[in-house]
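Novice: Questions regarding the structure given below will be posed in turn.
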Amino acid sequence: MGARPAPAPLLIACALGIEQFALRTGERGDADGPVTVLRTGMGPAAAGRSVTRVLAGPVLRGAAVMATGFCAGLAPGMHPGDLVVAEETRDPRGSVPCAGTELLVKELVRTVPGRTVHTGPLTGSDHVVRGHERSDLLATGAIAVDMESAATLLSAVRAGERPVAAVRVVVDAPEHELVRIGTLRGGISAFRVLRSVLPAFREWHRSLLLPRR
């Protein structure tokens with residue numbers, strides 16, 4: 001009998017050191033395939049460069065890619081600590097559909113009970129969005145915005161066909177902007193949620209490795 005093929009790896013991309021720290025402190029157990037948490041740096045340019053570079057190497061060339069970290073909610077009623085599962089990511093260069101959205105929602109509800117999970121388009125920006133910009137982006141149909149997810153997934157699919165997804169934790173929202181009192185409390189809440197999501201990412205990844213019938 002031949003050797004079992006090595007499982008496809010999973011690349012989890014985030015921008016900030018605090019996001020990477022949350023994900024690493026949340027690691028438990030063994031994944032079905034190798035998992036790499038990549039800190040890309042802030043902004044779409046940095047995210048695109050970092051993801052393109054690591055996917056060009058032999059270790060992660062066939063990796064599934066998950067973009068994660070914090071985001072700004074656009075819809076009224078969102079709160080820090082809410083989760084956003086992207087149905088697609090979009091920016092001026094185009095949109096990328098996400099794989100396994102329903103599974104991610106199911107696993108996040110199970111893994112982080114009591115947290116609201118929103119689904120819809122996740123849009124990209126090259127700066128922190130505040131004030132009227134939120135309503136302008138909401139009018140396009142997007143439910144949340146961050147600076148790296150769209151660039152991460154676009155770079156990933158340009159490097160080769162692969163499953164991609166984006167899950168973000170709301171750190172500020174229309175009624176809870178970063179400049180307002182309560183930001184620290186909201187940030188702690190978002191950090192705790194991000195620290196808890198890795199099992200859902202592992203299950204999403206595991207499902208991609210199962211034989212298709």
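Naming scheme: A, B, ... for chains in displayed order of the structure tokens; residues 1 onward per chain; ligands 1 onward as shown.
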What's around segment 188-192 of chain A at 7 Å? Count only C-alpha atoms, leave out sequence neighbours fewer than 4 positions away in its own chain, and write the answer as number ranges by chain.

Specialist: A: 22, 80-81, 169-171, 184, 196

Novice: With N, CA, C and O atoms retained, could you export that selection as a PDB file, in the first residue's frame?

Specialist:
ATOM      1  N   ALA A  22      -4.058  36.161  19.916  1.00  0.00           N
ATOM      2  CA  ALA A  22      -5.352  35.573  20.297  1.00  0.00           C
ATOM      3  C   ALA A  22      -5.527  34.203  19.661  1.00  0.00           C
ATOM      4  O   ALA A  22      -5.959  33.243  20.324  1.00  0.00           O
ATOM      5  N   PRO A  80     -19.706  44.922  19.629  1.00  0.00           N
ATOM      6  CA  PRO A  80     -18.379  44.312  19.765  1.00  0.00           C
ATOM      7  C   PRO A  80     -18.505  42.874  20.256  1.00  0.00           C
ATOM      8  O   PRO A  80     -19.264  42.584  21.179  1.00  0.00           O
ATOM      9  N   GLY A  81     -17.771  41.981  19.606  1.00  0.00           N
ATOM     10  CA  GLY A  81     -17.842  40.571  19.937  1.00  0.00           C
ATOM     11  C   GLY A  81     -18.746  39.778  19.020  1.00  0.00           C
ATOM     12  O   GLY A  81     -18.705  38.548  19.032  1.00  0.00           O
ATOM     13  N   VAL A 169     -14.281  39.335  13.703  1.00  0.00           N
ATOM     14  CA  VAL A 169     -14.945  39.674  14.959  1.00  0.00           C
ATOM     15  C   VAL A 169     -15.124  41.190  15.006  1.00  0.00           C
ATOM     16  O   VAL A 169     -14.166  41.944  14.808  1.00  0.00           O
ATOM     17  N   VAL A 170     -16.345  41.620  15.255  1.00  0.00           N
ATOM     18  CA  VAL A 170     -16.644  43.050  15.306  1.00  0.00           C
ATOM     19  C   VAL A 170     -15.986  43.656  16.545  1.00  0.00           C
ATOM     20  O   VAL A 170     -16.179  43.178  17.665  1.00  0.00           O
ATOM     21  N   VAL A 171     -15.192  44.711  16.314  1.00  0.00           N
ATOM     22  CA  VAL A 171     -14.565  45.407  17.439  1.00  0.00           C
ATOM     23  C   VAL A 171     -15.187  46.784  17.628  1.00  0.00           C
ATOM     24  O   VAL A 171     -15.127  47.366  18.702  1.00  0.00           O
ATOM     25  N   LEU A 184     -12.380  50.087  25.209  1.00  0.00           N
ATOM     26  CA  LEU A 184     -11.536  49.071  25.830  1.00  0.00           C
ATOM     27  C   LEU A 184     -12.350  47.827  26.146  1.00  0.00           C
ATOM     28  O   LEU A 184     -11.939  46.711  25.849  1.00  0.00           O
ATOM     29  N   SER A 196     -11.422  32.188  20.711  1.00  0.00           N
ATOM     30  CA  SER A 196     -12.257  30.985  20.798  1.00  0.00           C
ATOM     31  C   SER A 196     -12.626  30.371  19.457  1.00  0.00           C
ATOM     32  O   SER A 196     -13.250  29.308  19.429  1.00  0.00           O
TER      33      SER A 196
END

Novice: Could you name the residues that touch Arg49 of chain A at 9 Å or less, counting only C-alpha atoms, but leaving out those on the same chain fewer than 4 positions away, as a list in words?

Specialist: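 In the requested form, the answer reads Thr40, Pro44, Ala45, Arg53, Val54, Thr152 and Ser155 of chain A.
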
Novice: Between A:Leu138, A:Ala15, A:Cys71, A:Ala99, which has the minimum distance to Leu83 of chain A (counting only C-alpha atoms)?

Specialist: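 Distance minimum relative to Leu83 of chain A lands on A:Cys71.
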
Novice: Enumerate the residues of chain A with a DSSP assignment of strand (DSSP E), computed from the backbone, and present them as an MDAnalysis selection string.

Specialist: chainID A and resid 10:14 35:39 64:73 83:91 94:97 117:124 144:146 164:172

Novice: Would you write out those residues with C-alpha atoms, as a PDB file, in the first residue's frame?

Specialist:
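Final output, saved to selection.pdb:
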ATOM      1  CA  LEU A  10      -4.520  25.642   6.280  1.00  0.00           C
ATOM      2  CA  LEU A  11      -3.223  29.196   6.215  1.00  0.00           C
ATOM      3  CA  ILE A  12      -4.887  31.575   8.675  1.00  0.00           C
ATOM      4  CA  ALA A  13      -4.019  35.188   7.852  1.00  0.00           C
ATOM      5  CA  CYS A  14      -4.422  38.124  10.220  1.00  0.00           C
ATOM      6  CA  VAL A  35      -2.066  25.023  10.341  1.00  0.00           C
ATOM      7  CA  THR A  36      -0.024  28.199   9.887  1.00  0.00           C
ATOM      8  CA  VAL A  37      -1.030  31.510  11.461  1.00  0.00           C
ATOM      9  CA  LEU A  38       0.450  34.326   9.362  1.00  0.00           C
ATOM     10  CA  ARG A  39       0.705  37.933  10.514  1.00  0.00           C
ATOM     11  CA  ALA A  64      -6.810  26.590   2.030  1.00  0.00           C
ATOM     12  CA  VAL A  65      -6.886  30.204   3.227  1.00  0.00           C
ATOM     13  CA  MET A  66      -8.843  31.783   6.060  1.00  0.00           C
ATOM     14  CA  ALA A  67      -8.741  35.565   6.587  1.00  0.00           C
ATOM     15  CA  THR A  68      -9.567  36.604  10.135  1.00  0.00           C
ATOM     16  CA  GLY A  69      -9.111  39.233  12.821  1.00  0.00           C
ATOM     17  CA  PHE A  70     -11.131  42.264  13.841  1.00  0.00           C
ATOM     18  CA  CYS A  71     -13.485  44.364  11.724  1.00  0.00           C
ATOM     19  CA  ALA A  72     -15.891  47.287  11.844  1.00  0.00           C
ATOM     20  CA  GLY A  73     -19.565  46.440  11.696  1.00  0.00           C
ATOM     21  CA  LEU A  83     -19.012  37.483  14.441  1.00  0.00           C
ATOM     22  CA  VAL A  84     -19.096  38.127  10.694  1.00  0.00           C
ATOM     23  CA  VAL A  85     -18.907  35.206   8.260  1.00  0.00           C
ATOM     24  CA  ALA A  86     -18.317  36.552   4.770  1.00  0.00           C
ATOM     25  CA  GLU A  87     -20.365  35.213   1.886  1.00  0.00           C
ATOM     26  CA  GLU A  88     -17.922  37.069  -0.327  1.00  0.00           C
ATOM     27  CA  THR A  89     -15.127  39.610   0.056  1.00  0.00           C
ATOM     28  CA  ARG A  90     -14.988  42.621  -2.216  1.00  0.00           C
ATOM     29  CA  ASP A  91     -12.887  45.668  -2.965  1.00  0.00           C
ATOM     30  CA  GLY A  94     -13.263  42.590  -7.604  1.00  0.00           C
ATOM     31  CA  SER A  95     -15.067  40.069  -5.399  1.00  0.00           C
ATOM     32  CA  VAL A  96     -14.174  36.577  -4.196  1.00  0.00           C
ATOM     33  CA  PRO A  97     -16.850  34.041  -3.133  1.00  0.00           C
ATOM     34  CA  VAL A 117     -23.193  35.555  13.847  1.00  0.00           C
ATOM     35  CA  HIS A 118     -23.858  37.785  10.827  1.00  0.00           C
ATOM     36  CA  THR A 119     -23.466  36.697   7.210  1.00  0.00           C
ATOM     37  CA  GLY A 120     -23.119  38.822   4.099  1.00  0.00           C
ATOM     38  CA  PRO A 121     -20.545  40.632   1.971  1.00  0.00           C
ATOM     39  CA  LEU A 122     -17.371  41.835   3.693  1.00  0.00           C
ATOM     40  CA  THR A 123     -15.870  44.870   2.009  1.00  0.00           C
ATOM     41  CA  GLY A 124     -12.291  46.124   1.990  1.00  0.00           C
ATOM     42  CA  ALA A 144     -18.755  44.826   7.692  1.00  0.00           C
ATOM     43  CA  VAL A 145     -15.437  46.294   6.613  1.00  0.00           C
ATOM     44  CA  ASP A 146     -11.765  45.617   7.275  1.00  0.00           C
ATOM     45  CA  VAL A 164     -11.047  30.485   0.872  1.00  0.00           C
ATOM     46  CA  ALA A 165     -13.124  32.061   3.627  1.00  0.00           C
ATOM     47  CA  ALA A 166     -13.190  35.077   5.916  1.00  0.00           C
ATOM     48  CA  VAL A 167     -14.423  35.302   9.500  1.00  0.00           C
ATOM     49  CA  ARG A 168     -14.107  38.533  11.435  1.00  0.00           C
ATOM     50  CA  VAL A 169     -14.945  39.674  14.959  1.00  0.00           C
ATOM     51  CA  VAL A 170     -16.644  43.050  15.306  1.00  0.00           C
ATOM     52  CA  VAL A 171     -14.565  45.407  17.439  1.00  0.00           C
ATOM     53  CA  ASP A 172     -16.582  48.544  16.721  1.00  0.00           C
TER      54      ASP A 172
END

Novice: Mind listing the helix (DSSP H, G or I) residues of segment 16-155 of chain A, per DSSP on the backbone, as a ChimeraX atom specification?

Specialist: /A:17-25,44-55,101-111,132-138,149-155

Novice: Using only C-alpha atoms, find the one residue out of A:Ala150, A:Leu103, A:Val157, A:Leu16 that sits nearest to Arg206 of chain A.

Specialist: A:Leu103

Novice: So the first atom is atom CA of Val193 of chain A and the second is atom CA of Ser125 of chain A; what is the distance between them in Å, to one decimal place?

Specialist: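 Calculated distance between atom CA of Val193 of chain A and atom CA of Ser125 of chain A is 23.0 Å.
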
Novice: Could you pull the residues within 8 Å of Val197 of chain A, counting only C-alpha atoms, minus those fewer than 2 positions along the same chain, as a PyMOL selection string?

Specialist: chain A and resi 23+26+108+111-112+193-195+199-201

Novice: Keeping only N, CA, C and O atoms, take the residues you just selected and write them out as a JSON list (two decimals), in the first residue's frame.

Specialist:
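After the write, again00.json holds the following:
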[["chain", "number", "residue", "atom", "x", "y", "z"],
["A", 23, "LEU", "N", -5.20, 34.08, 18.40],
["A", 23, "LEU", "CA", -5.36, 32.81, 17.69],
["A", 23, "LEU", "C", -4.43, 31.74, 18.25],
["A", 23, "LEU", "O", -4.83, 30.59, 18.42],
["A", 26, "GLY", "N", -5.46, 30.42, 21.55],
["A", 26, "GLY", "CA", -6.68, 29.63, 21.46],
["A", 26, "GLY", "C", -6.47, 28.25, 20.88],
["A", 26, "GLY", "O", -7.43, 27.48, 20.75],
["A", 108, "LEU", "N", -19.39, 28.06, 14.40],
["A", 108, "LEU", "CA", -19.17, 29.20, 15.28],
["A", 108, "LEU", "C", -20.27, 29.31, 16.33],
["A", 108, "LEU", "O", -20.00, 29.64, 17.49],
["A", 111, "THR", "N", -19.30, 26.70, 18.77],
["A", 111, "THR", "CA", -18.03, 26.94, 19.46],
["A", 111, "THR", "C", -18.06, 28.17, 20.35],
["A", 111, "THR", "O", -17.43, 28.20, 21.41],
["A", 112, "VAL", "N", -18.78, 29.20, 19.93],
["A", 112, "VAL", "CA", -18.86, 30.45, 20.70],
["A", 112, "VAL", "C", -20.33, 30.73, 21.01],
["A", 112, "VAL", "O", -20.93, 31.64, 20.45],
["A", 193, "VAL", "N", -13.47, 36.57, 21.96],
["A", 193, "VAL", "CA", -14.15, 35.80, 20.92],
["A", 193, "VAL", "C", -13.14, 35.27, 19.91],
["A", 193, "VAL", "O", -13.20, 34.09, 19.53],
["A", 194, "LEU", "N", -12.21, 36.11, 19.46],
["A", 194, "LEU", "CA", -11.22, 35.67, 18.48],
["A", 194, "LEU", "C", -10.39, 34.52, 19.03],
["A", 194, "LEU", "O", -10.02, 33.60, 18.29],
["A", 195, "ARG", "N", -10.13, 34.54, 20.32],
["A", 195, "ARG", "CA", -9.35, 33.47, 20.94],
["A", 195, "ARG", "C", -10.10, 32.13, 20.93],
["A", 195, "ARG", "O", -9.50, 31.08, 21.09],
["A", 199, "PRO", "N", -11.30, 26.35, 16.85],
["A", 199, "PRO", "CA", -11.92, 25.04, 16.60],
["A", 199, "PRO", "C", -12.90, 25.05, 15.41],
["A", 199, "PRO", "O", -12.99, 24.07, 14.67],
["A", 200, "ALA", "N", -13.61, 26.14, 15.23],
["A", 200, "ALA", "CA", -14.52, 26.24, 14.08],
["A", 200, "ALA", "C", -13.74, 26.28, 12.78],
["A", 200, "ALA", "O", -14.16, 25.69, 11.77],
["A", 201, "PHE", "N", -12.61, 26.96, 12.77],
["A", 201, "PHE", "CA", -11.77, 27.00, 11.57],
["A", 201, "PHE", "C", -11.21, 25.60, 11.27],
["A", 201, "PHE", "O", -11.14, 25.18, 10.12]]

Novice: Which residue gives the smallest distance to Gly131 of chain A among A:Pro163, A:Pro174, A:Pro34, A:Gly187, with only C-alpha atoms counted?

Specialist: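 When distances to Gly131 of chain A are compared using only C-alpha atoms, the smallest one comes from A:Pro174.
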
Novice: Between A:Gly48, A:Gly41, A:Pro76, A:Pro9, which residue has the minimum interatomic distance to Ser135 of chain A, considering only C-alpha atoms?

Specialist: A:Pro76

Novice: Take atom CA of Pro92 of chain A and atom CA of Glu161 of chain A and report the distance between them in Å, one decimal.

Specialist: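 Taking atom CA of Pro92 of chain A as the start and atom CA of Glu161 of chain A as the end point, the length is 21.1 Å.
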
Novice: For each of A:Leu208, A:Ala159, A:Leu198, A:Leu154, take the minimum atom-to-atom distance to Gly57 of chain A, counting only C-alpha atoms, then give the residue where this is smallest.

Specialist: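 Smallest separation from Gly57 of chain A among the options: A:Ala159.
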